[in-house]
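Structure data (compact mmCIF, N, CA and C atoms and all ligand atoms) from protein_21.txt:
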```txt
# COMPACT_ATOMS: atom_id res chain seq x y z
N MET E 1 65.07 62.68 -46.11
CA MET E 1 64.47 61.52 -46.77
C MET E 1 63.80 60.62 -45.73
N PRO E 2 62.55 60.28 -45.92
CA PRO E 2 61.86 59.43 -44.93
C PRO E 2 62.55 58.07 -44.80
N THR E 3 62.55 57.55 -43.57
CA THR E 3 63.23 56.29 -43.29
C THR E 3 62.73 55.16 -44.18
N GLY E 4 61.43 55.14 -44.40
CA GLY E 4 60.83 54.07 -45.19
C GLY E 4 61.48 53.91 -46.56
N ILE E 5 61.74 55.05 -47.19
CA ILE E 5 62.35 55.03 -48.52
C ILE E 5 63.77 54.48 -48.45
N THR E 6 64.52 54.93 -47.44
CA THR E 6 65.89 54.47 -47.28
C THR E 6 65.93 52.95 -47.09
N GLU E 7 65.07 52.48 -46.18
CA GLU E 7 65.00 51.04 -45.93
C GLU E 7 64.69 50.28 -47.20
N ARG E 8 63.77 50.82 -47.94
CA ARG E 8 63.34 50.17 -49.16
C ARG E 8 64.47 50.14 -50.20
N ASN E 9 65.18 51.27 -50.29
CA ASN E 9 66.32 51.32 -51.21
C ASN E 9 67.39 50.31 -50.81
N LYS E 10 67.62 50.21 -49.51
CA LYS E 10 68.61 49.27 -49.00
C LYS E 10 68.21 47.85 -49.35
N ALA E 11 66.94 47.55 -49.11
CA ALA E 11 66.43 46.20 -49.41
C ALA E 11 66.52 45.93 -50.90
N ASN E 12 66.14 46.92 -51.70
CA ASN E 12 66.24 46.76 -53.16
C ASN E 12 67.66 46.49 -53.60
N ALA E 13 68.60 47.21 -53.00
CA ALA E 13 70.00 47.04 -53.38
C ALA E 13 70.48 45.62 -53.05
N GLU E 14 70.06 45.15 -51.86
CA GLU E 14 70.48 43.80 -51.50
C GLU E 14 69.87 42.76 -52.43
N LEU E 15 68.58 42.94 -52.72
CA LEU E 15 67.89 41.99 -53.60
C LEU E 15 68.49 42.02 -55.00
N ALA E 16 68.85 43.20 -55.45
CA ALA E 16 69.46 43.32 -56.77
C ALA E 16 70.78 42.56 -56.82
N SER E 17 71.52 42.60 -55.71
CA SER E 17 72.81 41.90 -55.68
C SER E 17 72.61 40.39 -55.66
N LEU E 18 71.43 39.94 -55.29
CA LEU E 18 71.16 38.50 -55.24
C LEU E 18 70.57 37.96 -56.54
N GLY E 19 70.25 38.83 -57.46
CA GLY E 19 69.74 38.34 -58.74
C GLY E 19 68.45 38.99 -59.21
N TYR E 20 67.87 39.86 -58.40
CA TYR E 20 66.67 40.57 -58.83
C TYR E 20 67.06 41.70 -59.77
N SER E 21 66.25 41.87 -60.84
CA SER E 21 66.47 43.02 -61.69
C SER E 21 65.60 44.15 -61.13
N ILE E 22 65.99 45.37 -61.42
CA ILE E 22 65.22 46.51 -60.93
C ILE E 22 63.77 46.43 -61.42
N LYS E 23 63.63 45.98 -62.66
CA LYS E 23 62.31 45.86 -63.24
C LYS E 23 61.46 44.88 -62.42
N SER E 24 62.04 43.73 -62.10
CA SER E 24 61.25 42.74 -61.37
C SER E 24 60.96 43.22 -59.96
N LEU E 25 61.87 44.00 -59.40
CA LEU E 25 61.63 44.53 -58.06
C LEU E 25 60.41 45.44 -58.05
N GLU E 26 60.34 46.29 -59.07
CA GLU E 26 59.21 47.21 -59.13
C GLU E 26 57.90 46.49 -59.37
N LYS E 27 57.97 45.46 -60.21
CA LYS E 27 56.75 44.78 -60.60
C LYS E 27 56.30 43.76 -59.56
N GLU E 28 57.24 42.98 -59.05
CA GLU E 28 56.87 41.79 -58.29
C GLU E 28 56.86 42.02 -56.77
N LEU E 29 57.73 42.89 -56.34
CA LEU E 29 57.82 43.03 -54.89
C LEU E 29 56.86 44.08 -54.36
N TRP E 30 56.86 44.21 -53.07
CA TRP E 30 56.03 45.20 -52.42
C TRP E 30 54.56 44.92 -52.64
N GLN E 31 54.24 43.65 -52.71
CA GLN E 31 52.86 43.21 -52.68
C GLN E 31 52.69 42.50 -51.35
N PRO E 32 51.43 42.42 -50.87
CA PRO E 32 51.23 41.81 -49.54
C PRO E 32 51.71 40.37 -49.47
N LYS E 33 51.41 39.59 -50.50
CA LYS E 33 51.82 38.19 -50.52
C LYS E 33 52.48 37.88 -51.84
N VAL E 34 53.49 37.04 -51.81
CA VAL E 34 54.19 36.72 -53.05
C VAL E 34 54.27 35.20 -53.25
N THR E 35 54.44 34.84 -54.51
CA THR E 35 54.72 33.45 -54.86
C THR E 35 56.18 33.39 -55.28
N LEU E 36 56.90 32.41 -54.74
CA LEU E 36 58.30 32.28 -55.12
C LEU E 36 58.49 31.06 -56.02
N TYR E 37 59.43 31.17 -56.93
CA TYR E 37 59.77 30.08 -57.83
C TYR E 37 61.18 29.61 -57.51
N ARG E 38 61.35 28.31 -57.47
CA ARG E 38 62.69 27.78 -57.24
C ARG E 38 63.54 27.90 -58.50
N HIS E 39 64.70 28.52 -58.37
CA HIS E 39 65.63 28.60 -59.49
C HIS E 39 66.71 27.54 -59.35
N THR E 40 66.62 26.80 -58.28
CA THR E 40 67.55 25.70 -58.04
C THR E 40 66.73 24.60 -57.35
N PRO E 41 66.97 23.35 -57.66
CA PRO E 41 66.12 22.30 -57.08
C PRO E 41 66.35 22.14 -55.58
N ALA E 42 65.37 21.59 -54.89
CA ALA E 42 65.54 21.26 -53.48
C ALA E 42 65.81 19.76 -53.37
N TYR E 43 66.63 19.40 -52.40
CA TYR E 43 66.98 18.00 -52.22
C TYR E 43 66.60 17.54 -50.82
N ASN E 44 66.20 16.29 -50.73
CA ASN E 44 65.93 15.75 -49.40
C ASN E 44 67.21 15.19 -48.79
N ASN E 45 67.10 14.61 -47.60
CA ASN E 45 68.29 14.18 -46.87
C ASN E 45 69.10 13.10 -47.58
N SER E 46 68.44 12.30 -48.39
CA SER E 46 69.21 11.26 -49.08
C SER E 46 69.74 11.74 -50.42
N GLY E 47 69.66 13.04 -50.62
CA GLY E 47 70.28 13.61 -51.81
C GLY E 47 69.42 13.51 -53.06
N GLN E 48 68.17 13.10 -52.91
CA GLN E 48 67.30 13.04 -54.07
C GLN E 48 66.47 14.31 -54.20
N MET E 49 66.21 14.67 -55.44
CA MET E 49 65.50 15.91 -55.67
C MET E 49 64.07 15.83 -55.14
N SER E 50 63.69 16.76 -54.30
CA SER E 50 62.32 16.77 -53.79
C SER E 50 61.46 17.80 -54.52
N ASP E 51 62.07 18.88 -54.94
CA ASP E 51 61.35 19.90 -55.69
C ASP E 51 62.21 20.36 -56.86
N ASP E 52 61.64 20.28 -58.04
CA ASP E 52 62.40 20.63 -59.23
C ASP E 52 62.47 22.14 -59.41
N ILE E 53 63.35 22.55 -60.31
CA ILE E 53 63.42 23.95 -60.71
C ILE E 53 62.06 24.39 -61.25
N GLY E 54 61.62 25.57 -60.86
CA GLY E 54 60.35 26.08 -61.35
C GLY E 54 59.19 25.81 -60.41
N THR E 55 59.40 24.94 -59.41
CA THR E 55 58.36 24.67 -58.41
C THR E 55 58.02 25.96 -57.68
N THR E 56 56.72 26.19 -57.43
CA THR E 56 56.33 27.43 -56.76
C THR E 56 56.09 27.20 -55.28
N ILE E 57 56.31 28.24 -54.53
CA ILE E 57 56.01 28.26 -53.10
C ILE E 57 55.09 29.46 -52.93
N LYS E 58 53.85 29.21 -52.54
CA LYS E 58 52.84 30.27 -52.59
C LYS E 58 52.58 30.97 -51.26
N ASN E 59 52.03 32.17 -51.39
CA ASN E 59 51.50 32.89 -50.24
C ASN E 59 52.52 33.21 -49.16
N LEU E 60 53.65 33.69 -49.59
CA LEU E 60 54.69 34.03 -48.62
C LEU E 60 54.67 35.53 -48.34
N THR E 61 55.19 35.89 -47.21
CA THR E 61 55.25 37.30 -46.88
C THR E 61 56.26 38.00 -47.79
N SER E 62 55.97 39.23 -48.15
CA SER E 62 56.88 39.94 -49.06
C SER E 62 57.85 40.81 -48.29
N GLU E 63 57.99 40.54 -47.01
CA GLU E 63 58.95 41.28 -46.19
C GLU E 63 60.35 41.20 -46.82
N PRO E 64 60.98 42.34 -47.11
CA PRO E 64 62.23 42.33 -47.87
C PRO E 64 63.32 41.43 -47.29
N SER E 65 63.46 41.42 -45.95
CA SER E 65 64.55 40.61 -45.39
C SER E 65 64.26 39.12 -45.61
N TYR E 66 62.97 38.78 -45.59
CA TYR E 66 62.58 37.39 -45.84
C TYR E 66 62.81 37.02 -47.31
N ILE E 67 62.43 37.94 -48.20
CA ILE E 67 62.62 37.74 -49.63
C ILE E 67 64.11 37.58 -49.95
N ALA E 68 64.93 38.38 -49.25
CA ALA E 68 66.37 38.29 -49.46
C ALA E 68 66.90 36.94 -49.01
N ARG E 69 66.37 36.45 -47.89
CA ARG E 69 66.82 35.15 -47.39
C ARG E 69 66.45 34.06 -48.39
N CYS E 70 65.25 34.15 -48.95
CA CYS E 70 64.81 33.18 -49.95
C CYS E 70 65.68 33.27 -51.21
N ALA E 71 66.03 34.51 -51.58
CA ALA E 71 66.84 34.70 -52.78
C ALA E 71 68.20 34.02 -52.62
N ARG E 72 68.73 34.05 -51.40
CA ARG E 72 70.01 33.39 -51.16
C ARG E 72 69.91 31.88 -51.32
N LEU E 73 68.67 31.35 -51.20
CA LEU E 73 68.44 29.92 -51.38
C LEU E 73 68.00 29.58 -52.80
N GLY E 74 67.97 30.62 -53.66
CA GLY E 74 67.59 30.37 -55.05
C GLY E 74 66.09 30.42 -55.29
N GLN E 75 65.37 31.14 -54.44
CA GLN E 75 63.93 31.28 -54.62
C GLN E 75 63.59 32.74 -54.91
N PHE E 76 62.93 32.97 -56.07
CA PHE E 76 62.65 34.33 -56.50
C PHE E 76 61.18 34.50 -56.83
N THR E 77 60.74 35.76 -56.97
CA THR E 77 59.32 36.02 -57.24
C THR E 77 58.97 35.86 -58.72
N PHE E 78 59.93 35.49 -59.53
CA PHE E 78 59.67 35.31 -60.95
C PHE E 78 60.22 33.93 -61.35
N PRO E 79 59.66 33.35 -62.43
CA PRO E 79 60.12 32.02 -62.83
C PRO E 79 61.55 32.05 -63.37
N PRO E 80 62.25 30.93 -63.26
CA PRO E 80 63.59 30.87 -63.85
C PRO E 80 63.50 31.02 -65.37
N SER E 81 64.45 31.69 -65.96
CA SER E 81 64.44 31.86 -67.41
C SER E 81 65.85 32.09 -67.90
N GLU E 82 65.98 32.09 -69.21
CA GLU E 82 67.28 32.28 -69.82
C GLU E 82 67.86 33.66 -69.54
N SER E 83 66.94 34.63 -69.38
CA SER E 83 67.42 35.99 -69.17
C SER E 83 67.61 36.30 -67.69
N CYS E 84 67.29 35.33 -66.83
CA CYS E 84 67.43 35.55 -65.40
C CYS E 84 68.90 35.77 -65.05
N ILE E 85 69.13 36.70 -64.13
CA ILE E 85 70.52 37.04 -63.80
C ILE E 85 70.96 36.43 -62.47
N CYS E 86 70.14 35.53 -61.91
CA CYS E 86 70.56 34.91 -60.65
C CYS E 86 71.69 33.91 -60.92
N PRO E 87 72.50 33.60 -59.90
CA PRO E 87 73.66 32.73 -60.09
C PRO E 87 73.29 31.34 -60.62
N TRP E 88 72.12 30.84 -60.23
CA TRP E 88 71.75 29.47 -60.62
C TRP E 88 71.38 29.40 -62.10
N CYS E 89 70.59 30.38 -62.56
CA CYS E 89 70.22 30.40 -63.98
C CYS E 89 71.44 30.67 -64.85
N LYS E 90 72.30 31.55 -64.34
CA LYS E 90 73.52 31.86 -65.10
C LYS E 90 74.37 30.60 -65.25
N GLU E 91 74.47 29.84 -64.16
CA GLU E 91 75.27 28.62 -64.21
C GLU E 91 74.68 27.62 -65.19
N ARG E 92 73.34 27.49 -65.14
CA ARG E 92 72.69 26.55 -66.07
C ARG E 92 72.91 26.96 -67.51
N LYS E 93 72.87 28.27 -67.75
CA LYS E 93 73.07 28.77 -69.10
C LYS E 93 74.50 28.45 -69.57
N GLU E 94 75.44 28.65 -68.65
CA GLU E 94 76.83 28.35 -69.00
C GLU E 94 77.02 26.86 -69.27
N GLN E 95 76.25 26.02 -68.57
CA GLN E 95 76.35 24.58 -68.76
C GLN E 95 75.56 24.12 -69.97
N GLY E 96 74.81 25.06 -70.59
CA GLY E 96 74.08 24.71 -71.80
C GLY E 96 72.79 23.96 -71.56
N VAL E 97 72.21 24.10 -70.39
CA VAL E 97 70.93 23.45 -70.13
C VAL E 97 69.81 24.31 -70.70
N ASP E 98 68.91 23.68 -71.42
CA ASP E 98 67.84 24.42 -72.08
C ASP E 98 66.81 24.96 -71.09
N VAL E 99 66.50 26.21 -71.25
CA VAL E 99 65.40 26.80 -70.51
C VAL E 99 64.48 27.41 -71.55
N THR E 100 63.28 26.92 -71.63
CA THR E 100 62.40 27.41 -72.68
C THR E 100 61.23 28.17 -72.08
N GLU E 101 60.82 29.18 -72.78
CA GLU E 101 59.69 29.97 -72.32
C GLU E 101 58.51 29.75 -73.25
N GLU E 102 57.36 29.51 -72.64
CA GLU E 102 56.16 29.36 -73.47
C GLU E 102 54.98 29.98 -72.75
N ASP E 103 54.25 30.82 -73.45
CA ASP E 103 53.06 31.48 -72.90
C ASP E 103 53.32 32.17 -71.58
N GLY E 104 54.45 32.79 -71.47
CA GLY E 104 54.75 33.50 -70.24
C GLY E 104 55.18 32.58 -69.12
N ALA E 105 54.84 31.32 -69.22
CA ALA E 105 55.28 30.36 -68.21
C ALA E 105 56.64 29.83 -68.64
N THR E 106 57.39 29.43 -67.68
CA THR E 106 58.73 28.96 -67.99
C THR E 106 58.84 27.49 -67.60
N SER E 107 59.35 26.71 -68.49
CA SER E 107 59.62 25.33 -68.10
C SER E 107 61.08 25.05 -68.35
N VAL E 108 61.65 24.33 -67.44
CA VAL E 108 63.06 24.01 -67.54
C VAL E 108 63.17 22.55 -67.92
N VAL E 109 63.95 22.28 -68.92
CA VAL E 109 64.16 20.90 -69.33
C VAL E 109 64.80 20.13 -68.17
N SER E 110 64.23 19.00 -67.89
CA SER E 110 64.65 18.28 -66.68
C SER E 110 66.13 17.92 -66.70
N PRO E 111 66.64 17.59 -65.51
CA PRO E 111 68.07 17.39 -65.34
C PRO E 111 68.65 16.45 -66.38
N LEU E 112 69.78 16.78 -66.87
CA LEU E 112 70.37 16.00 -67.95
C LEU E 112 71.38 14.99 -67.42
N HIS E 113 71.82 15.19 -66.20
CA HIS E 113 72.86 14.32 -65.68
C HIS E 113 72.33 13.50 -64.52
N SER E 114 72.58 12.23 -64.54
CA SER E 114 72.20 11.42 -63.39
C SER E 114 73.23 10.33 -63.17
N LYS E 115 73.28 9.87 -61.94
CA LYS E 115 74.28 8.88 -61.58
C LYS E 115 73.69 8.02 -60.48
N THR E 116 73.89 6.73 -60.55
CA THR E 116 73.37 5.83 -59.52
C THR E 116 74.47 5.52 -58.52
N CYS E 117 74.13 5.70 -57.25
CA CYS E 117 75.10 5.41 -56.20
C CYS E 117 75.27 3.90 -56.09
N GLU E 118 76.53 3.43 -56.18
CA GLU E 118 76.76 1.98 -56.15
C GLU E 118 76.57 1.40 -54.75
N ASP E 119 76.56 2.26 -53.74
CA ASP E 119 76.42 1.78 -52.37
C ASP E 119 74.97 1.59 -51.95
N CYS E 120 74.09 2.46 -52.38
CA CYS E 120 72.71 2.37 -51.90
C CYS E 120 71.68 2.37 -53.03
N GLY E 121 72.14 2.58 -54.25
CA GLY E 121 71.22 2.53 -55.38
C GLY E 121 70.43 3.80 -55.60
N ALA E 122 70.68 4.83 -54.79
CA ALA E 122 69.97 6.09 -54.97
C ALA E 122 70.38 6.72 -56.30
N ILE E 123 69.40 7.30 -57.00
CA ILE E 123 69.73 7.97 -58.25
C ILE E 123 69.84 9.46 -57.99
N LEU E 124 71.02 10.00 -58.25
CA LEU E 124 71.24 11.42 -58.04
C LEU E 124 71.15 12.13 -59.38
N GLN E 125 70.51 13.29 -59.37
CA GLN E 125 70.36 14.03 -60.61
C GLN E 125 70.78 15.47 -60.42
N ALA E 126 71.31 16.07 -61.45
CA ALA E 126 71.65 17.49 -61.39
C ALA E 126 71.62 18.07 -62.79
N ALA E 127 71.49 19.37 -62.84
CA ALA E 127 71.38 20.06 -64.13
C ALA E 127 72.73 20.18 -64.83
N SER E 128 73.80 20.01 -64.07
CA SER E 128 75.11 20.11 -64.68
C SER E 128 75.98 18.99 -64.16
N SER E 129 77.00 18.62 -64.94
CA SER E 129 77.87 17.54 -64.49
C SER E 129 78.66 17.97 -63.27
N GLY E 130 79.02 19.26 -63.23
CA GLY E 130 79.71 19.78 -62.06
C GLY E 130 78.85 19.67 -60.82
N GLY E 131 77.58 20.05 -60.99
CA GLY E 131 76.64 19.97 -59.89
C GLY E 131 76.44 18.54 -59.43
N LEU E 132 76.44 17.63 -60.40
CA LEU E 132 76.23 16.23 -60.07
C LEU E 132 77.39 15.68 -59.27
N SER E 133 78.61 16.00 -59.66
CA SER E 133 79.74 15.44 -58.93
C SER E 133 79.82 16.01 -57.52
N THR E 134 79.46 17.30 -57.38
CA THR E 134 79.42 17.91 -56.04
C THR E 134 78.38 17.19 -55.19
N LYS E 135 77.23 16.96 -55.79
CA LYS E 135 76.14 16.33 -55.08
C LYS E 135 76.48 14.89 -54.71
N PHE E 136 77.15 14.21 -55.62
CA PHE E 136 77.52 12.83 -55.40
C PHE E 136 78.52 12.72 -54.26
N LYS E 137 79.46 13.64 -54.24
CA LYS E 137 80.48 13.68 -53.20
C LYS E 137 79.79 13.91 -51.85
N TYR E 138 78.85 14.84 -51.84
CA TYR E 138 78.11 15.19 -50.63
C TYR E 138 77.31 13.99 -50.15
N HIS E 139 76.66 13.31 -51.07
CA HIS E 139 75.87 12.12 -50.76
C HIS E 139 76.76 11.06 -50.12
N LYS E 140 77.91 10.83 -50.71
CA LYS E 140 78.86 9.81 -50.21
C LYS E 140 79.33 10.18 -48.81
N GLU E 141 79.67 11.44 -48.65
CA GLU E 141 80.17 11.88 -47.35
C GLU E 141 79.12 11.71 -46.27
N ARG E 142 77.91 12.08 -46.62
CA ARG E 142 76.82 12.03 -45.64
C ARG E 142 76.41 10.63 -45.29
N LEU E 143 76.26 9.79 -46.31
CA LEU E 143 75.63 8.50 -46.09
C LEU E 143 76.58 7.32 -46.07
N HIS E 144 77.73 7.48 -46.67
CA HIS E 144 78.60 6.31 -46.80
C HIS E 144 80.02 6.56 -46.30
N SER E 145 80.24 7.55 -45.49
CA SER E 145 81.62 7.75 -45.03
C SER E 145 81.88 6.84 -43.85
N GLU E 146 82.93 6.05 -43.98
CA GLU E 146 83.23 5.05 -42.97
C GLU E 146 84.09 5.61 -41.86
N ALA E 147 84.72 6.75 -42.15
CA ALA E 147 85.61 7.34 -41.17
C ALA E 147 84.80 7.81 -39.97
ZN ZN P 1 67.22 32.46 -61.87
ZN ZN P 2 74.42 6.09 -51.69
```

How does this structure look as structure tokens?
Amino acid sequence: MPTGITERNKANAELASLGYSIKSLEKELWQPKVTLYRHTPAYNNSGQMSDDIGTTIKNLTSEPSYIARCARLGQFTFPPSESCICPWCKERKEQGVDVTEEDGATSVVSPLHSKTCEDCGAILQAASSGGLSTKFKYHKERLHSEA
């Protein structure tokens, strides 16, 4: 078996374990350049959302090890959806957050949970209450820990 095929199978297996379906691997990967969609929001240093779910990151290399690294951060070559098998979409589905599909494009209903930090007034948002409390704890530890 040629090395190239083995490498590719290995990469496919890793990507599949991170949330890629075999179908999406065949369709979306192995193109020269790919667009990635965030399946989990990005946050800046003060804990505020900088990029929402569904935000695209364009023109990235489709090198499998790079794609795998992105997948570990919740960035995939397909939009987030209800049928997505990645850990982030699965968690949102379990939390009952609406993900609607329209015209092939996917839009995610914006975060349902928010909390204002009493120390600095920052508004923290998350798609789930569990996510929010984790984020709030992290925010407090980072910015307001007196120890
Ligand atoms: Zn997903
Ligand atoms: Zn604060």

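Of the residues under consideration (E:Thr35, E:Gly19, E:Glu94, E:Phe136), E:Gly19 shows the shortest atom-to-atom contact distance to ligand ZN 1 (chain P) when counting all atoms listed in the file.
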
Report task. Could you give me the residues within range 9-96 of chain E that DSSP places in strand (DSSP E), as an MDAnalysis selection string? Result -> chainID E and resid 33:38 42:43 49:51 56:61 75:76

Report task. May I ask you to write as a PyMOL selection string all residues lying at most 6.5 Å from ligand ZN 2 (chain P), with all atoms listed in the file counted? Result -> chain E and resi 117-122+139-140+143-144

Requested in this report: Calculate how many Å separate atom C of Glu63 in chain E from atom C of Ala11 in chain E, rounding to one decimal.
Outcome: 8.8 Å

Report task. Give as number ranges by chain the residues surrounding ligand ZN 1 (chain P) up to a distance of 8 Å, considering all atoms listed in the file. Result -> E: 19, 37-40, 74-76, 78-90

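Counting all atoms listed in the file, the residue from E:Ile5, E:Leu18, E:Ser133, E:Gln48 that sits nearest to Arg72 in chain E is E:Leu18.
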
Query raised in the report: Where in range 4-123 of chain E does DSSP assign alpha helix (DSSP H), given as an MDAnalysis selection string?
Result: chainID E and resid 4:18 22:28 64:72 87:94

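Here atom N of Leu124 in chain E stands at a distance of 10.4 Å from atom C of Leu112 in chain E.
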
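Candidate residues E:Ser65, E:Lys93, E:Asn44, E:Leu36 were compared for distance to Thr77 in chain E, and the nearest is E:Leu36, using only N, CA and C atoms.
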
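Relative to CA of Asp52 in chain E, atom C of Ile67 in chain E is found at 19.4 Å.
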